[in-house]
>>> print(open('upload25.cif').read())   # mmCIF, C-alpha atoms and all ligand atoms
data_upload
loop_
_atom_site.label_atom_id
_atom_site.label_comp_id
_atom_site.auth_asym_id
_atom_site.auth_seq_id
_atom_site.Cartn_x
_atom_site.Cartn_y
_atom_site.Cartn_z
CA MET N 262 -8.19 195.34 72.56
CA SER N 263 -6.84 191.82 72.24
CA LYS N 264 -3.08 191.41 71.89
CA PRO N 265 -1.65 190.32 68.51
CA PRO N 266 -0.93 186.58 68.61
CA ILE N 267 2.53 185.23 69.27
CA SER N 268 3.77 182.64 66.76
CA SER N 269 3.54 178.98 67.65
CA ARG N 270 7.26 178.77 66.91
CA ALA N 271 7.98 181.27 69.68
CA LEU N 272 5.47 179.63 72.02
CA GLU N 273 7.13 176.25 71.47
CA THR N 274 10.68 177.46 72.08
CA PRO N 275 11.52 176.35 75.62
CA PRO N 276 13.32 178.61 78.08
CA SER N 277 16.87 177.48 78.84
CA PRO N 278 16.87 175.26 81.95
CA ILE N 279 20.26 176.79 82.71
CA ARG N 280 18.96 180.34 82.81
CA LYS N 281 15.35 179.70 83.79
CA LEU N 282 15.89 180.31 87.52
CA ALA N 283 18.34 183.19 87.01
CA HIS N 284 15.79 185.73 88.32
CA LEU N 285 15.73 183.88 91.66
CA ALA N 286 19.53 184.03 91.81
CA GLN N 287 19.35 187.78 91.13
CA ALA N 288 16.82 188.22 93.92
CA ALA N 289 19.03 186.21 96.32
CA LYS N 290 22.02 188.37 95.41
CA ALA N 291 19.95 191.52 95.92
CA LYS N 292 19.31 190.28 99.49
CA GLY N 293 23.10 190.02 99.96
CA VAL N 294 23.34 186.22 99.56
CA LYS N 295 26.47 184.88 97.84
CA VAL N 296 25.42 182.50 95.05
CA TYR N 297 27.74 179.72 93.86
CA HIS N 298 26.99 179.25 90.18
CA LEU N 299 27.20 175.56 89.40
CA ASN N 300 24.29 176.00 86.98
CA ILE N 301 26.06 177.39 83.94
CA GLY N 302 29.12 176.49 81.86
CA GLN N 303 30.70 179.88 82.31
CA PRO N 304 34.39 179.19 83.02
CA ASP N 305 36.11 181.36 85.63
CA ILE N 306 39.54 180.65 84.13
CA ALA N 307 41.19 183.73 82.59
CA SER N 308 40.93 184.10 78.82
CA PRO N 309 44.35 183.81 77.09
CA PRO N 310 46.42 187.04 77.08
CA GLU N 311 47.09 186.50 73.36
CA PHE N 312 43.39 187.16 72.67
CA TYR N 313 43.53 190.52 74.45
CA GLN N 314 46.77 191.36 72.63
CA GLY N 315 44.86 190.71 69.41
CA ILE N 316 42.07 193.05 70.57
CA LYS N 317 44.62 195.79 71.41
CA ALA N 318 46.33 195.36 68.06
CA PHE N 319 43.10 196.17 66.20
CA ASN N 320 43.59 199.68 64.87
CA LYS N 321 41.45 200.04 61.75
CA PRO N 322 39.80 203.46 61.53
CA THR N 323 36.38 201.99 60.72
CA LEU N 324 34.82 198.96 62.37
CA ALA N 325 33.55 197.32 59.18
CA TYR N 326 31.58 194.13 58.55
CA GLU N 327 33.77 191.06 58.30
CA ASP N 328 33.32 188.61 55.40
CA SER N 329 30.15 186.56 55.84
CA SER N 330 32.20 183.37 55.73
CA GLY N 331 34.51 184.70 58.42
CA ASN N 332 37.89 186.38 58.65
CA LEU N 333 40.21 184.59 56.24
CA ASN N 334 43.17 184.66 58.64
CA LEU N 335 40.98 183.12 61.33
CA ARG N 336 39.73 180.38 59.01
CA ARG N 337 43.34 179.58 58.04
CA ALA N 338 44.50 179.66 61.65
CA TRP N 339 41.61 177.45 62.83
CA ALA N 340 42.20 174.95 60.00
CA ASN N 341 45.88 174.81 61.03
CA PHE N 342 44.97 174.45 64.69
CA LEU N 343 42.78 171.45 63.82
CA ASN N 344 45.36 170.05 61.38
CA ARG N 345 48.06 170.16 64.05
CA SER N 346 45.98 168.76 66.88
CA SER N 347 44.04 166.13 64.93
CA ASN N 348 46.43 165.35 62.07
CA LEU N 349 44.06 166.62 59.36
CA SER N 350 44.48 168.48 56.10
CA LEU N 351 41.76 171.11 56.24
CA ASP N 352 41.79 174.35 54.27
CA ALA N 353 40.21 177.68 55.11
CA GLU N 354 37.44 176.79 52.59
CA ASP N 355 36.33 173.90 54.81
CA LEU N 356 35.37 176.30 57.59
CA LEU N 357 32.63 178.87 58.05
CA ILE N 358 32.92 181.19 61.05
CA THR N 359 29.72 181.64 63.04
CA THR N 360 28.54 183.72 65.98
CA GLY N 361 29.38 180.95 68.43
CA ALA N 362 28.72 177.26 67.96
CA SER N 363 25.09 178.21 68.62
CA GLU N 364 24.68 179.96 65.29
CA GLY N 365 26.58 177.15 63.56
CA LEU N 366 24.06 174.65 64.89
CA ILE N 367 21.12 176.75 63.75
CA PHE N 368 22.65 177.04 60.27
CA ILE N 369 23.24 173.30 60.10
CA PHE N 370 19.69 172.48 61.20
CA MET N 371 18.43 174.79 58.47
CA VAL N 372 20.78 173.52 55.77
CA THR N 373 20.24 169.82 56.44
CA CYS N 374 16.53 169.81 57.36
CA ASP N 375 13.21 171.21 56.24
CA PRO N 376 10.58 172.01 58.87
CA GLY N 377 9.16 168.69 60.12
CA ASP N 378 12.34 166.72 59.34
CA GLU N 379 13.93 164.72 62.14
CA VAL N 380 17.29 164.71 63.85
CA ILE N 381 18.24 161.89 66.21
CA VAL N 382 19.77 162.98 69.51
CA PHE N 383 20.82 161.15 72.66
CA ASP N 384 19.06 161.99 75.91
CA PRO N 385 20.17 163.75 78.06
CA THR N 386 21.35 166.31 75.57
CA TYR N 387 22.52 169.92 75.44
CA ALA N 388 19.34 171.79 76.28
CA ASN N 389 19.75 174.49 73.66
CA TYR N 390 19.47 171.89 70.87
CA MET N 391 15.77 171.95 71.76
CA GLY N 392 15.69 175.71 71.29
CA PHE N 393 17.52 175.46 67.94
CA ALA N 394 15.09 172.75 66.81
CA ALA N 395 12.07 174.84 67.80
CA ILE N 396 13.44 177.86 65.96
CA THR N 397 14.05 175.87 62.77
CA GLY N 398 11.00 173.56 62.88
CA VAL N 399 13.18 170.46 63.27
CA ARG N 400 11.89 167.51 65.30
CA LEU N 401 14.40 166.01 67.72
CA LYS N 402 14.01 162.26 68.12
CA PRO N 403 15.63 161.23 71.37
CA LEU N 404 17.21 157.91 72.25
CA MET N 405 17.70 157.33 75.94
CA CYS N 406 21.15 156.86 77.51
CA GLN N 407 21.19 155.43 81.03
CA ALA N 408 23.01 156.96 84.00
CA GLU N 409 23.75 153.45 85.30
CA GLN N 410 25.76 152.81 82.11
CA GLY N 411 27.63 156.10 82.25
CA PHE N 412 25.23 157.51 79.63
CA ALA N 413 26.82 155.30 76.95
CA LEU N 414 25.19 155.35 73.51
CA PRO N 415 22.45 152.80 72.87
CA ASP N 416 23.52 150.03 70.52
CA LEU N 417 23.39 150.55 66.77
CA LYS N 418 20.31 148.34 66.40
CA GLN N 419 18.32 150.72 68.58
CA ILE N 420 19.62 153.75 66.72
CA ARG N 421 18.78 152.09 63.41
CA ARG N 422 15.19 151.55 64.62
CA ARG N 423 14.84 155.27 65.33
CA ILE N 424 15.64 156.21 61.71
CA SER N 425 12.53 157.12 59.70
CA ALA N 426 11.87 158.48 56.22
CA LYS N 427 12.03 161.94 57.79
CA THR N 428 15.41 161.51 59.50
CA ARG N 429 18.09 163.78 58.09
CA ALA N 430 20.86 163.70 60.67
CA ILE N 431 22.25 162.27 63.88
CA LEU N 432 23.53 164.89 66.30
CA LEU N 433 26.15 163.92 68.86
CA CYS N 434 27.82 166.12 71.45
CA ASN N 435 31.33 164.79 72.15
CA PRO N 436 32.46 165.21 74.92
CA ASN N 437 28.90 165.44 76.10
CA ASN N 438 27.14 168.28 77.79
CA PRO N 439 25.43 167.52 80.20
CA SER N 440 26.63 163.98 80.95
CA GLY N 441 30.40 164.33 80.53
CA THR N 442 30.44 161.10 78.53
CA VAL N 443 33.23 160.80 75.96
CA TYR N 444 32.45 158.70 72.88
CA GLN N 445 35.37 156.71 71.53
CA ARG N 446 36.56 155.67 68.10
CA LYS N 447 34.36 152.57 67.98
CA GLU N 448 31.13 154.47 68.68
CA LEU N 449 32.02 157.18 66.17
CA GLU N 450 32.88 154.59 63.52
CA GLY N 451 29.51 152.93 64.11
CA LEU N 452 27.63 156.21 63.71
CA ILE N 453 29.60 157.16 60.58
CA ALA N 454 28.82 153.77 59.00
CA LEU N 455 25.13 154.13 59.88
CA CYS N 456 24.98 157.63 58.40
CA ASN N 457 26.68 156.38 55.22
CA GLU N 458 24.21 153.52 54.97
CA TYR N 459 21.09 155.69 55.45
CA ARG N 460 22.47 158.79 53.69
CA LEU N 461 22.23 160.91 56.83
CA PHE N 462 24.44 163.69 58.09
CA LEU N 463 26.45 163.10 61.24
CA VAL N 464 26.76 166.38 63.12
CA VAL N 465 29.29 166.26 65.94
CA ASP N 466 29.43 169.16 68.37
CA GLU N 467 33.05 169.20 69.56
CA THR N 468 32.84 172.35 71.66
CA TYR N 469 34.63 170.52 74.54
CA ARG N 470 37.03 168.43 72.42
CA GLU N 471 40.19 168.96 74.50
CA PHE N 472 38.51 168.50 77.87
CA VAL N 473 38.88 164.74 78.37
CA TYR N 474 40.21 163.08 81.53
CA ASP N 475 41.86 159.99 82.96
CA GLY N 476 44.29 159.50 80.08
CA LEU N 477 41.70 159.78 77.26
CA LYS N 478 42.97 161.59 74.16
CA PRO N 479 40.90 164.25 72.37
CA LEU N 480 39.37 162.71 69.26
CA SER N 481 37.70 164.61 66.45
CA ALA N 482 35.29 162.59 64.31
CA LEU N 483 37.15 164.12 61.36
CA GLU N 484 40.19 162.02 62.26
CA ILE N 485 38.15 158.90 61.62
CA ALA N 486 36.60 159.97 58.32
CA PRO N 487 38.58 163.00 57.09
CA GLY N 488 36.96 163.30 53.67
CA ASN N 489 33.46 162.12 54.58
CA GLN N 490 30.79 164.24 52.89
CA ARG N 491 28.21 163.44 55.57
CA LEU N 492 30.29 164.62 58.49
CA ILE N 493 29.82 168.11 59.92
CA ILE N 494 31.76 169.33 62.95
CA ILE N 495 30.64 172.20 65.13
CA ASP N 496 33.47 173.91 66.98
CA SER N 497 33.77 176.87 69.33
CA LEU N 498 36.34 178.97 71.15
CA SER N 499 33.94 179.61 74.05
CA LYS N 500 34.98 176.84 76.43
CA ARG N 501 38.44 175.83 75.22
CA PHE N 502 39.77 179.37 75.72
CA SER N 503 37.23 180.76 78.21
CA LEU N 504 35.99 183.07 75.45
CA CYS N 505 32.22 182.68 75.83
CA GLY N 506 31.65 186.39 75.32
CA ALA N 507 33.66 186.56 72.09
CA ARG N 508 30.88 184.62 70.30
CA ILE N 509 33.18 182.80 67.89
CA GLY N 510 32.41 179.33 66.60
CA CYS N 511 32.66 177.51 63.30
CA VAL N 512 31.23 174.84 61.05
CA VAL N 513 33.83 172.45 59.64
CA THR N 514 33.07 170.04 56.83
CA LYS N 515 34.55 168.71 53.62
CA ASN N 516 31.06 168.97 52.09
CA LYS N 517 31.27 172.01 49.82
CA ASP N 518 27.47 172.24 49.43
CA VAL N 519 26.97 172.45 53.17
CA ILE N 520 29.52 175.27 53.36
CA ALA N 521 28.04 177.05 50.32
CA PHE N 522 24.42 176.90 51.53
CA SER N 523 25.41 177.80 55.07
CA LEU N 524 27.15 180.80 53.56
CA ASN N 525 23.85 181.95 52.05
CA LEU N 526 22.37 181.96 55.54
CA ALA N 527 25.51 183.65 56.86
CA GLN N 528 25.16 186.38 54.24
CA ALA N 529 21.60 187.04 55.36
CA ARG N 530 22.93 187.83 58.86
CA LEU N 531 25.90 189.71 57.33
CA ALA N 532 28.83 188.75 59.56
CA ALA N 533 30.14 187.53 62.90
CA PRO N 534 31.90 190.13 65.11
CA THR N 535 34.95 191.71 63.45
CA ILE N 536 37.30 192.54 66.33
CA GLU N 537 36.80 189.22 68.09
CA GLN N 538 37.62 187.36 64.87
CA GLU N 539 40.81 189.39 64.41
CA ALA N 540 41.79 188.65 67.98
CA ALA N 541 41.03 184.95 67.56
CA ALA N 542 43.16 184.90 64.40
CA PHE N 543 45.96 186.35 66.52
CA LEU N 544 45.37 183.89 69.35
CA LEU N 545 45.23 180.54 67.54
CA PRO N 546 48.74 180.47 66.04
CA ALA N 547 50.23 181.99 69.20
CA VAL N 548 48.61 179.98 71.97
CA SER N 549 50.71 177.16 73.43
CA ARG N 550 49.50 173.57 73.66
CA GLN N 551 50.76 173.60 77.23
CA SER N 552 48.30 176.32 78.21
CA ILE N 553 45.40 174.20 76.89
CA GLU N 554 46.80 171.21 78.77
CA ASP N 555 47.06 173.26 81.98
CA VAL N 556 43.38 174.20 81.69
CA ARG N 557 42.44 170.58 81.05
CA LEU N 558 44.33 169.45 84.16
CA GLU N 559 42.65 172.15 86.23
CA TYR N 560 39.21 170.89 85.15
CA GLN N 561 40.19 167.31 85.91
CA LYS N 562 41.20 168.37 89.43
CA ARG N 563 37.90 170.20 89.90
CA ARG N 564 35.98 167.22 88.58
CA ASP N 565 37.61 165.02 91.20
CA VAL N 566 36.73 167.47 93.97
CA LEU N 567 33.13 167.80 92.78
CA VAL N 568 32.51 164.07 92.39
CA ARG N 569 34.13 163.26 95.75
CA SER N 570 32.09 165.94 97.53
CA LEU N 571 28.83 164.86 95.89
CA GLN N 572 29.42 161.20 96.64
CA ALA N 573 29.79 162.06 100.32
CA ILE N 574 26.17 163.33 100.47
CA PRO N 575 23.72 160.61 101.50
CA GLY N 576 21.29 159.77 98.70
CA VAL N 577 23.22 161.57 95.94
CA ALA N 578 24.42 159.49 92.98
CA ALA N 579 26.88 161.27 90.68
CA VAL N 580 28.00 159.85 87.33
CA ILE N 581 31.75 160.43 86.96
CA PRO N 582 32.25 162.64 83.90
CA GLN N 583 35.03 161.60 81.51
CA GLY N 584 35.05 164.94 79.74
CA ALA N 585 33.55 168.45 79.35
CA PHE N 586 32.94 170.21 82.66
CA TYR N 587 29.56 169.03 83.86
CA CYS N 588 28.40 166.32 86.19
CA MET N 589 24.95 164.75 86.25
CA ALA N 590 23.76 163.79 89.71
CA ARG N 591 20.59 162.17 91.00
CA LEU N 592 19.42 164.01 94.12
CA PRO N 593 17.27 162.58 96.91
CA VAL N 594 14.35 164.82 95.86
CA LYS N 595 11.31 164.24 93.65
CA ASP N 596 11.55 167.49 91.77
CA ALA N 597 15.03 168.93 91.26
CA GLU N 598 13.59 172.11 89.77
CA ALA N 599 11.53 172.82 92.88
CA PHE N 600 14.61 172.05 94.99
CA ALA N 601 16.83 174.36 92.87
CA ALA N 602 14.24 177.12 93.31
CA PHE N 603 14.13 176.45 97.08
CA MET N 604 17.93 176.81 97.27
CA LEU N 605 17.72 180.25 95.69
CA ARG N 606 14.51 181.55 97.21
CA ASP N 607 14.26 180.02 100.66
CA PHE N 608 17.67 178.79 101.74
CA SER N 609 21.09 180.11 102.64
CA LEU N 610 23.85 178.92 104.91
CA ASN N 611 25.89 181.70 106.50
CA GLY N 612 24.76 184.02 103.71
CA GLU N 613 25.56 181.57 100.89
CA THR N 614 23.60 179.39 98.52
CA THR N 615 24.25 177.16 95.49
CA PHE N 616 22.62 177.42 92.08
CA ILE N 617 22.24 174.11 90.21
CA ALA N 618 20.62 173.39 86.84
CA PRO N 619 17.63 171.02 87.13
CA ALA N 620 18.27 168.29 84.56
CA GLY N 621 14.70 167.79 83.29
CA GLY N 622 15.34 170.44 80.64
CA PHE N 623 18.25 168.40 79.25
CA TYR N 624 15.92 165.56 78.26
CA VAL N 625 13.91 165.80 75.06
CA SER N 626 11.73 163.05 76.58
CA HIS N 627 9.99 165.32 79.05
CA ASP N 628 9.14 162.69 81.63
CA ARG N 629 12.83 162.05 82.43
CA GLY N 630 15.40 163.53 84.73
CA ALA N 631 13.00 165.04 87.29
CA SER N 632 15.23 164.25 90.27
CA GLU N 633 18.53 164.93 88.49
CA ALA N 634 20.64 168.06 88.32
CA ARG N 635 23.58 169.16 86.21
CA LEU N 636 26.46 170.75 88.09
CA ALA N 637 29.20 172.63 86.23
CA PHE N 638 32.72 172.48 87.68
CA VAL N 639 33.67 175.95 86.58
CA LEU N 640 34.67 177.33 89.97
CA ASP N 641 37.97 176.67 91.71
CA SER N 642 38.26 173.60 93.91
CA SER N 643 37.77 175.34 97.25
CA GLN N 644 34.63 177.10 96.00
CA ILE N 645 33.30 173.82 94.61
CA GLU N 646 33.80 172.18 98.03
CA GLN N 647 32.02 175.06 99.72
CA ALA N 648 29.20 175.10 97.13
CA VAL N 649 28.60 171.38 97.62
CA SER N 650 28.60 171.65 101.41
CA VAL N 651 25.96 174.41 101.11
CA LEU N 652 24.03 172.11 98.74
CA ALA N 653 24.23 169.27 101.26
CA ALA N 654 22.88 171.54 104.01
CA GLY N 655 20.07 172.62 101.66
CA LEU N 656 19.17 168.99 100.99
CA ARG N 657 18.99 168.26 104.73
CA GLU N 658 16.69 171.23 105.31
CA TYR N 659 14.55 170.51 102.24
CA LYS N 660 13.82 167.02 103.46
C1 LIG N 701 27.53 171.41 73.74
C2 LIG N 701 27.50 172.86 73.47
N1 LIG N 701 27.39 173.28 72.22
C3 LIG N 701 27.33 174.58 71.92
C4 LIG N 701 27.38 175.53 72.92
C5 LIG N 701 27.30 176.97 72.55
O1 LIG N 701 28.58 177.47 72.35
P1 LIG N 701 28.85 178.93 71.84
O2 LIG N 701 29.19 179.77 73.03
O3 LIG N 701 30.06 178.77 70.95
O4 LIG N 701 27.68 179.42 71.10
C6 LIG N 701 27.50 175.15 74.25
C7 LIG N 701 27.50 176.14 75.32
O5 LIG N 701 27.37 175.86 76.48
C8 LIG N 701 27.56 173.77 74.54
O6 LIG N 701 27.66 173.33 75.78
#
>>> encode(input="upload25.cif", output="structure tokens")
Amino acid sequence: MSKPPISSRALETPPSPIRKLAHLAQAAKAKGVKVYHLNIGQPDIASPPEFYQGIKAFNKPTLAYEDSSGNLNLRRAWANFLNRSSNLSLDAEDLLITTGASEGLIFIFMVTCDPGDEVIVFDPTYANYMGFAAITGVRLKPLMCQAEQGFALPDLKQIRRRISAKTRAILLCNPNNPSGTVYQRKELEGLIALCNEYRLFLVVDETYREFVYDGLKPLSALEIAPGNQRLIIIDSLSKRFSLCGARIGCVVTKNKDVIAFSLNLAQARLAAPTIEQEAAAFLLPAVSRQSIEDVRLEYQKRRDVLVRSLQAIPGVAAVIPQGAFYCMARLPVKDAEAFAAFMLRDFSLNGETTFIAPAGGFYVSHDRGASEARLAFVLDSSQIEQAVSVLAAGLREYK
């Protein structure tokens, strides 16, 4: 009997390039090999104690659904957190809590686009945007950013040329995953003006907002255009507070329709997790700015170690990230995916190997990035040094 067909939507949803080789890492670990995970943005830094205090304080007899729009105390606390850090005047009504930034992005694709509509993105881009687009029937229209120019945005003329009758939004990740590029006031102002002119939404994913280096200051696009009806911010607690497993994100916008229609989608999925939202509502007013600054400084230190170690490998060209916690590097190999698989399947040095994310999957334009990899600096400095020396040995053997 023939199998029932799988939908073309499912067939077209790409596997995550970050997780694609995970089975090889598992097999290496099963053989007793220690694997350094530079492939995934899973911070090793401890989650804030205030979050766990919030979890312990939860003592309701029944674990009920939360409001579909999110815990009111959390929405208030998050609005205040943003107001304090970015000098804004947001209210709880401007926020919708989602199951991570991931769900927020899916909602926003669905609320701003019909199937077949287009969203402009900048290549390389966060790989899961491709998954969200496939799920929602949205077409991503990539514009190339060049490693040689620090993955800066193309000029506005080029972006303008990419806009078609089907374009509904421009999506920017700032600071950028995977490139670590931080877009400044001037670039954001240019995009906001363009979106106003063409009546597009500007969606800015600020998951890594605080993680900027070398004296740069965190900048939310909302600071530039606080009341702009076209501006939608995606935010998350996952990286800022090492709370990836809490699955708490939010959509922030002054556009009441976007919030209202996103809420209809949110009601269809009922609610984001209750206890984690309570704990996050406890965390946000209590957490000190200094603790966020300490984490930022730790990532900056790790970035320096990673870039220095990579630059010491013959044939490797690393682009110095200004923010987030990823580094894009060109490797002296034709096919970084085959090399990443080799590292996990066929190579170890004194019982250790290094897992890197091949960068091809971060390009919507499929013919790009074949010899590039994304490396996450989410291990402590000594482990990063060791992971890169194992990588260097792997490269010598691979050649
Ligand atoms: C740019 C970007 N946006 C969104 C996400 C997803 O975040 P969340 O854990 O809040 O769903 C990630 C996770 O790596 C990310 O890098």
>>> closest_residue(input="upload25.cif", among="N:Ser642, N:Asn435, N:Gln490, N:Thr323", to="Val513 in chain N", atoms="all atoms listed in the file")
N:Gln490
>>> residues_around(input="upload25.cif", residues="range 287-296 of chain N", least_positions_apart="6", cutoff="12 Å", atoms="all atoms listed in the file", output="number ranges by chain")
N: 280-281, 602-617, 640, 644-645, 647-649, 651-652
>>> closest_atom_pairs(input="upload25.cif", of="chain N", to="ligand LIG 701 (chain N)", cutoff="10 Å", atoms="all atoms listed in the file", output="CSV")
residue,atom,partner,partner_atom,distance
N:Ile279,CA,N:LIG701,O5,9.5
N:Ile301,CA,N:LIG701,O5,7.7
N:Gly302,CA,N:LIG701,O5,5.7
N:Gln303,CA,N:LIG701,O5,7.8
N:Thr359,CA,N:LIG701,O3,8.4
N:Thr360,CA,N:LIG701,O4,6.7
N:Gly361,CA,N:LIG701,O3,3.4
N:Ala362,CA,N:LIG701,O3,3.6
N:Ser363,CA,N:LIG701,O4,3.8
N:Glu364,CA,N:LIG701,O4,6.6
N:Gly365,CA,N:LIG701,O4,8.0
N:Leu366,CA,N:LIG701,C3,7.8
N:Thr386,CA,N:LIG701,C1,8.2
N:Tyr387,CA,N:LIG701,C1,5.5
N:Ala388,CA,N:LIG701,O6,8.5
N:Asn389,CA,N:LIG701,C4,7.7
N:Tyr390,CA,N:LIG701,N1,8.2
N:Leu433,CA,N:LIG701,C1,9.0
N:Cys434,CA,N:LIG701,C1,5.8
N:Asn435,CA,N:LIG701,C1,7.8
N:Pro436,CA,N:LIG701,C1,8.0
N:Asn437,CA,N:LIG701,C1,6.6
N:Asn438,CA,N:LIG701,C1,5.1
N:Pro439,CA,N:LIG701,O6,7.6
N:Val465,CA,N:LIG701,C1,9.5
N:Asp466,CA,N:LIG701,N1,6.0
N:Glu467,CA,N:LIG701,C1,7.3
N:Thr468,CA,N:LIG701,N1,5.6
N:Tyr469,CA,N:LIG701,C1,7.2
N:Ile495,CA,N:LIG701,N1,7.9
N:Asp496,CA,N:LIG701,O3,7.1
N:Ser497,CA,N:LIG701,O3,4.5
N:Leu498,CA,N:LIG701,O3,6.3
N:Ser499,CA,N:LIG701,O2,4.9
N:Lys500,CA,N:LIG701,O2,7.3
N:Arg501,CA,N:LIG701,O3,9.9
N:Ser503,CA,N:LIG701,O2,9.6
N:Leu504,CA,N:LIG701,O2,7.9
N:Cys505,CA,N:LIG701,O2,5.0
N:Gly506,CA,N:LIG701,O2,7.4
N:Ala507,CA,N:LIG701,O2,8.2
N:Arg508,CA,N:LIG701,O2,5.8
N:Ile509,CA,N:LIG701,O3,5.9
N:Gly510,CA,N:LIG701,O3,5.0
N:Cys511,CA,N:LIG701,O3,8.2
N:Ala585,CA,N:LIG701,O6,8.4
N:Phe586,CA,N:LIG701,O6,9.2
N:Tyr587,CA,N:LIG701,O6,9.3
>>> closest_residue(input="upload25.cif", among="N:Ile574, N:Ile581, N:Met371, N:Leu282", to="Ala618 in chain N", atoms="only C-alpha atoms")
N:Leu282
>>> residues_around(input="upload25.cif", residues="Val382 in chain N", least_positions_apart="5", cutoff="6 Å", atoms="all atoms listed in the file", output="number ranges by chain")
N: 402-403, 432
>>> atom_distance(input="upload25.cif", atom1="CA of Phe312 in chain N", atom2="CA of Phe342 in chain N")
15.1 Å
>>> closest_residue(input="upload25.cif", among="N:Gly488, N:Gly584, N:Pro593, N:Gly392", to="Arg470 in chain N", atoms="all atoms listed in the file")
N:Gly584
>>> residues_around(input="upload25.cif", residues="Ala486 in chain N", least_positions_apart="3", cutoff="12 Å", atoms="only C-alpha atoms", output="count of residues only")
26
>>> decode(input="upload25.cif", residues="range 542-553 of chain N", atoms="N, CA, C and O atoms", output="mmCIF file, in the first residue's frame")
data_model
loop_
_atom_site.group_PDB
_atom_site.id
_atom_site.type_symbol
_atom_site.label_atom_id
_atom_site.label_comp_id
_atom_site.auth_asym_id
_atom_site.auth_seq_id
_atom_site.Cartn_x
_atom_site.Cartn_y
_atom_site.Cartn_z
ATOM 1 N N ALA N 542 8.246 37.277 35.086
ATOM 2 C CA ALA N 542 7.677 38.506 35.661
ATOM 3 C C ALA N 542 8.377 38.845 36.969
ATOM 4 O O ALA N 542 8.495 40.001 37.359
ATOM 5 N N PHE N 543 8.853 37.830 37.659
ATOM 6 C CA PHE N 543 9.600 38.010 38.903
ATOM 7 C C PHE N 543 11.016 38.494 38.593
ATOM 8 O O PHE N 543 11.577 39.354 39.261
ATOM 9 N N LEU N 544 11.574 37.925 37.532
ATOM 10 C CA LEU N 544 12.971 38.221 37.163
ATOM 11 C C LEU N 544 13.158 39.674 36.695
ATOM 12 O O LEU N 544 14.075 40.369 37.157
ATOM 13 N N LEU N 545 12.322 40.103 35.754
ATOM 14 C CA LEU N 545 12.631 41.360 35.043
ATOM 15 C C LEU N 545 12.762 42.587 35.960
ATOM 16 O O LEU N 545 13.693 43.372 35.790
ATOM 17 N N PRO N 546 11.862 42.780 36.931
ATOM 18 C CA PRO N 546 12.059 43.951 37.794
ATOM 19 C C PRO N 546 13.233 43.775 38.764
ATOM 20 O O PRO N 546 13.781 44.759 39.249
ATOM 21 N N ALA N 547 13.613 42.498 39.008
ATOM 22 C CA ALA N 547 14.612 42.241 40.058
ATOM 23 C C ALA N 547 16.042 42.204 39.522
ATOM 24 O O ALA N 547 16.995 42.489 40.244
ATOM 25 N N VAL N 548 16.182 41.872 38.254
ATOM 26 C CA VAL N 548 17.535 41.617 37.738
ATOM 27 C C VAL N 548 18.313 42.935 37.633
ATOM 28 O O VAL N 548 17.746 43.981 37.293
ATOM 29 N N SER N 549 19.618 42.866 37.957
ATOM 30 C CA SER N 549 20.393 44.118 37.924
ATOM 31 C C SER N 549 20.980 44.335 36.528
ATOM 32 O O SER N 549 21.304 43.379 35.823
ATOM 33 N N ARG N 550 21.096 45.602 36.183
ATOM 34 C CA ARG N 550 21.741 45.964 34.904
ATOM 35 C C ARG N 550 23.171 45.445 34.889
ATOM 36 O O ARG N 550 23.704 45.068 33.851
ATOM 37 N N GLN N 551 23.797 45.456 36.087
ATOM 38 C CA GLN N 551 25.195 45.041 36.147
ATOM 39 C C GLN N 551 25.337 43.575 35.722
ATOM 40 O O GLN N 551 26.301 43.210 35.047
ATOM 41 N N SER N 552 24.347 42.744 36.092
ATOM 42 C CA SER N 552 24.487 41.324 35.742
ATOM 43 C C SER N 552 24.395 41.153 34.219
ATOM 44 O O SER N 552 25.092 40.312 33.639
ATOM 45 N N ILE N 553 23.590 41.971 33.556
ATOM 46 C CA ILE N 553 23.518 41.894 32.083
ATOM 47 C C ILE N 553 24.851 42.385 31.499
ATOM 48 O O ILE N 553 25.396 41.796 30.567
#
